[in-house]
Every structure is written in C-alpha cells, then in structure tokens.
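Data block below; observations after.
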Amino acid sequence: MIQTTEILVADECWVALALLHREHPEQVSFSAREIADRLKKERAHPEFRAGVTAHLYQHNVANVAPSSARYRLFYKLTDGSLRLFRPGDDAHGSRRGKTSPERSDLPDVYHPLVEWYEKEYCQLARPASPPSDLLLQMRGVGKKLWASLGGGDAFVARERTGWERAAPTASEAPPDKRFEQVWLRITQHQGAEFQTKTGLPFTYCLDGHSGIWFERDGRRINQRLGRGEVEKAVQRCPLGMTTEISDLRDYAYLYGLLMDRRIRQSDW
C-alpha cells in the first residue's frame with residue numbers, strides 16, 4: 001500500500017487505469033468498475049473517496065461534456081469502456097486539461113508509469129505510414145466495379161426507379177427523433193449528480209446502449225433500467241408527478257433524470 005494523502009482523485013484514477021493497461025496489454029479498454037476495483041486494490045490513497053465515481057464517468061473523460069473538471073485523461077469507446085487518452089484522440093471542445101499526471105503530483109513509485117505512458121503507450125497513436133499514402137493506394141479501386149454495373153450514370157438511373165411512388169404509410173414513416181436526442185444527452189451527462197423530486201442526490205452510468213444503472217451514496221441500485229423503459233417515459237413527458245411512470249423501474253430516479261433541465265432542455 002502506498003501511503004499518501006496528497007494524490008489527486010483524478011491522478012489516482014489515471015494510475016489505476018494505467019496499471020490495468022500494463023498488466024493486461026492484450027485488452028484494449030476496461031469498464032469503470034474494473035478501474036474502481038484496481039484503484040481499491042492499489043490504495044494509492046488510504047481511503048476510497050466519493051469523487052472517484054464522477055472522475056471515472058465524466059471528469060477524466062476527454063470525449064464527454066465537462067461539468068467542472070476538464071481533464072483529458074481517459075477516452076471513452078462506443079461500448080462505454082475506457083482507455084487512456086492518446087495524442088490524436090478527439091476531445092470535447094471545452095476540454096483543455098492535462099492528458100497525464102505531473103510527476104511531481106505522484107508518489108515516486110508511480111513516476112515510471114508516466115514514463116511508460118509517454119514513451120510506449122502514446123506511440124500506439126502514430127500511424128505506420130502517412131494518411132496520404134493510404135489514399136493513393138485506393139486510387140482506381142472501384143473502376144472494375146463501376147464497369148460491371150454499366151457505369152455510374154446507369155447505376156444512378158436504376159436506383160432512382162420508383163422514387164415517384166406514393167408517400168409512405170404511417171407504418172413506414174421515419175421514427176421519432178426526440179428519444180435519440182434525449183438519449184444522447186443522457187450519454188453526455190453520465191457521472192454527473194442529479195436529484196430526485198424529493199431532493200435525494202444520485203448519479204448514473206450507461207450499460208452500453210442497452211440501459212442505465214442508477215447509483216446512490218456510491219452504491220449501485222440493484223436493478224438495471226432498460227433503454228426501452230426510458231423511451232416509454234420520454235413518450236409521456238412532460239411529467240407532473242412520479243406516479244405517471246410508476247409502472248417503470250427506478251421511476252423516482254428516472255423522473256429526476258428526465259425532468260432535469262440538462263436532459264429535457266426545451267423539448268418539454
């Protein structure tokens with residue numbers, strides 16, 4: 001156990017993820033829970049601090065909208081897992097924070113970890129050859145394909161056949177876009193603190209694209225709210241009382257989430 005009370009929560013989370021990368025080089029990314037478990041095992045700080053969860057889901061994540069801290073220590077993949085940030089990764093436009101801890105902010109034992117990050121891990125971001133070379137290699141790739149289709153003009157003409165048919169029926173109409181916009185906001189604000197209608201604070205994290213886990217006092221609520229249930233609740237918005245969605249799981253937390261201005265914006 002490394003005894004120190006000075007290490008920042010953000011840096012402690014970075015240390016835990018960096019150690020996972022070194023210990024499991026075959027694995028590209030890790031879940032927030034795996035990082036938290038490694039942090040607890042390492043004990044770079046004597047206690048598991050309340051701010052760890054928010055740093056794992058938001059404060060440290062470069063491509064998530066910031067609420068306060070603007071670090072670029074982690075990068076979130078499409079499945080919700082995390083890896084260390086590398087040069088060339090995209091980041092939210094409001095983030096300008098550090099991409100790795102300062103050595104002076106870490107116990108001496110972790111200084112080699114920063115050196116490994118800079119000299120080995122970041123090198124993975126460099127392409128084997130300039131992108132322009134790849135574009136040149138693609139020159140002429142579709143030439144034979146277009147020839148087999150009778151040329152580009154003939155292909156387009158065939159694709160346009162039938163465009164003049166009647167307007168689509170109700171069953172063929174495009175899906176409502178509102179839920180997708182709300183789900184995107186939910187994705188961007190995971191890890192931030194919300195409140196129920198009665199003022200109880202809570203946070204949440206996504207289970208990929210399939211649902212939401214709510215957390216309170218650092219503990220996960222023991223049932224997952226499915227994405228389909230969230231969509232049902234969105235269709236009923238605006239909500240006046242929690243009982244309007246009491247047939248859905250975790251409805252008290254779901255109400256607090258959907259009626260928060262960050263999520264509803266001007267939709268209801």
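Scheme for the structure tokens: letters A, B, ... for chains in order shown; per-chain residue numbers from 1; ligand numbers from 1 in order shown.
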
Extract, using only C-alpha atoms, all DNA, RNA and protein residues at most 8 Å from range 235-246 of chain A, discarding same-chain residues fewer than 2 positions from it, and format them as an MDAnalysis selection string.
chainID A and resid 179 197 231:233 248:249 251:252 255 259 268

Please provide the set of residues having any atom within 9 Å of Thr99 in chain A, restricted to only C-alpha atoms, with same-chain residues fewer than 3 positions apart removed, written as JSON, numbers by chain.
{"A": [60, 62, 71, 72, 73, 74, 84, 85, 86, 87, 96]}

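Residue nearest Ile186 in chain A within the list A:Lys41, A:Arg33, A:Arg220, A:Arg227: A:Arg227 [criterion: smallest interatomic distance, only C-alpha atoms].
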
For range 187-190 of chain A: contacts at 7 Å, only C-alpha atoms, fewer than 4 positions along chain excluded, given as an NGL selection string
:A and (57-58 or 64-65 or 183 or 204-205)

Would you put the residues from that selection into a file with N, CA and C atoms, as an mmCIF file, in the first residue's frame?
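What ended up in selection-v2.cif:
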data_model
loop_
_atom_site.group_PDB
_atom_site.id
_atom_site.type_symbol
_atom_site.label_atom_id
_atom_site.label_comp_id
_atom_site.auth_asym_id
_atom_site.auth_seq_id
_atom_site.Cartn_x
_atom_site.Cartn_y
_atom_site.Cartn_z
ATOM 1 N N TYR A 57 -16.545 8.495 -14.718
ATOM 2 C CA TYR A 57 -17.604 8.612 -15.727
ATOM 3 C C TYR A 57 -17.621 9.954 -16.448
ATOM 4 N N GLN A 58 -17.005 10.998 -15.855
ATOM 5 C CA GLN A 58 -17.114 12.300 -16.505
ATOM 6 C C GLN A 58 -15.849 13.139 -16.424
ATOM 7 N N VAL A 64 -16.381 13.431 -23.334
ATOM 8 C CA VAL A 64 -17.663 13.610 -22.650
ATOM 9 C C VAL A 64 -17.772 15.074 -22.247
ATOM 10 N N ALA A 65 -18.943 15.647 -22.353
ATOM 11 C CA ALA A 65 -19.129 17.055 -21.988
ATOM 12 C C ALA A 65 -18.753 17.272 -20.521
ATOM 13 N N TRP A 183 -31.543 10.572 -25.483
ATOM 14 C CA TRP A 183 -30.569 9.530 -25.110
ATOM 15 C C TRP A 183 -29.137 10.037 -25.264
ATOM 16 N N TYR A 204 -25.566 8.186 -12.316
ATOM 17 C CA TYR A 204 -25.903 7.023 -13.121
ATOM 18 C C TYR A 204 -24.788 6.755 -14.124
ATOM 19 N N CYS A 205 -24.772 5.539 -14.660
ATOM 20 C CA CYS A 205 -23.857 5.192 -15.748
ATOM 21 C C CYS A 205 -24.620 4.316 -16.735
#

Out of range 86-120 of chain A, which residues get alpha helix (DSSP H) from DSSP, as a PyMOL selection string?
chain A and resi 111-116

Please produce an output containing N, CA and C atoms for each residue in the selection, written as a CSV table (one decimal), in the first residue's frame.
chain,number,residue,atom,x,y,z
A,111,HIS,N,6.3,7.3,-10.9
A,111,HIS,CA,7.0,8.1,-11.9
A,111,HIS,C,7.3,7.2,-13.1
A,112,PRO,N,7.7,5.9,-13.0
A,112,PRO,CA,8.0,5.1,-14.2
A,112,PRO,C,6.7,4.9,-15.0
A,113,LEU,N,5.5,4.9,-14.3
A,113,LEU,CA,4.3,4.7,-15.0
A,113,LEU,C,4.0,5.9,-16.0
A,114,VAL,N,4.4,7.1,-15.6
A,114,VAL,CA,4.2,8.2,-16.5
A,114,VAL,C,5.2,8.1,-17.7
A,115,GLU,N,6.4,7.6,-17.4
A,115,GLU,CA,7.4,7.4,-18.5
A,115,GLU,C,6.9,6.4,-19.5
A,116,TRP,N,6.4,5.3,-18.9
A,116,TRP,CA,5.8,4.2,-19.8
A,116,TRP,C,4.7,4.8,-20.7

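Across the structure, CA of Thr196 in chain A and CA of Ile35 in chain A are spaced 27.7 Å apart.
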
Given the choices A:Glu23, A:Glu120, A:Glu12, A:Glu193, which gets closest to Ser67 in chain A if the distance is worked out from only C-alpha atoms?
A:Glu193
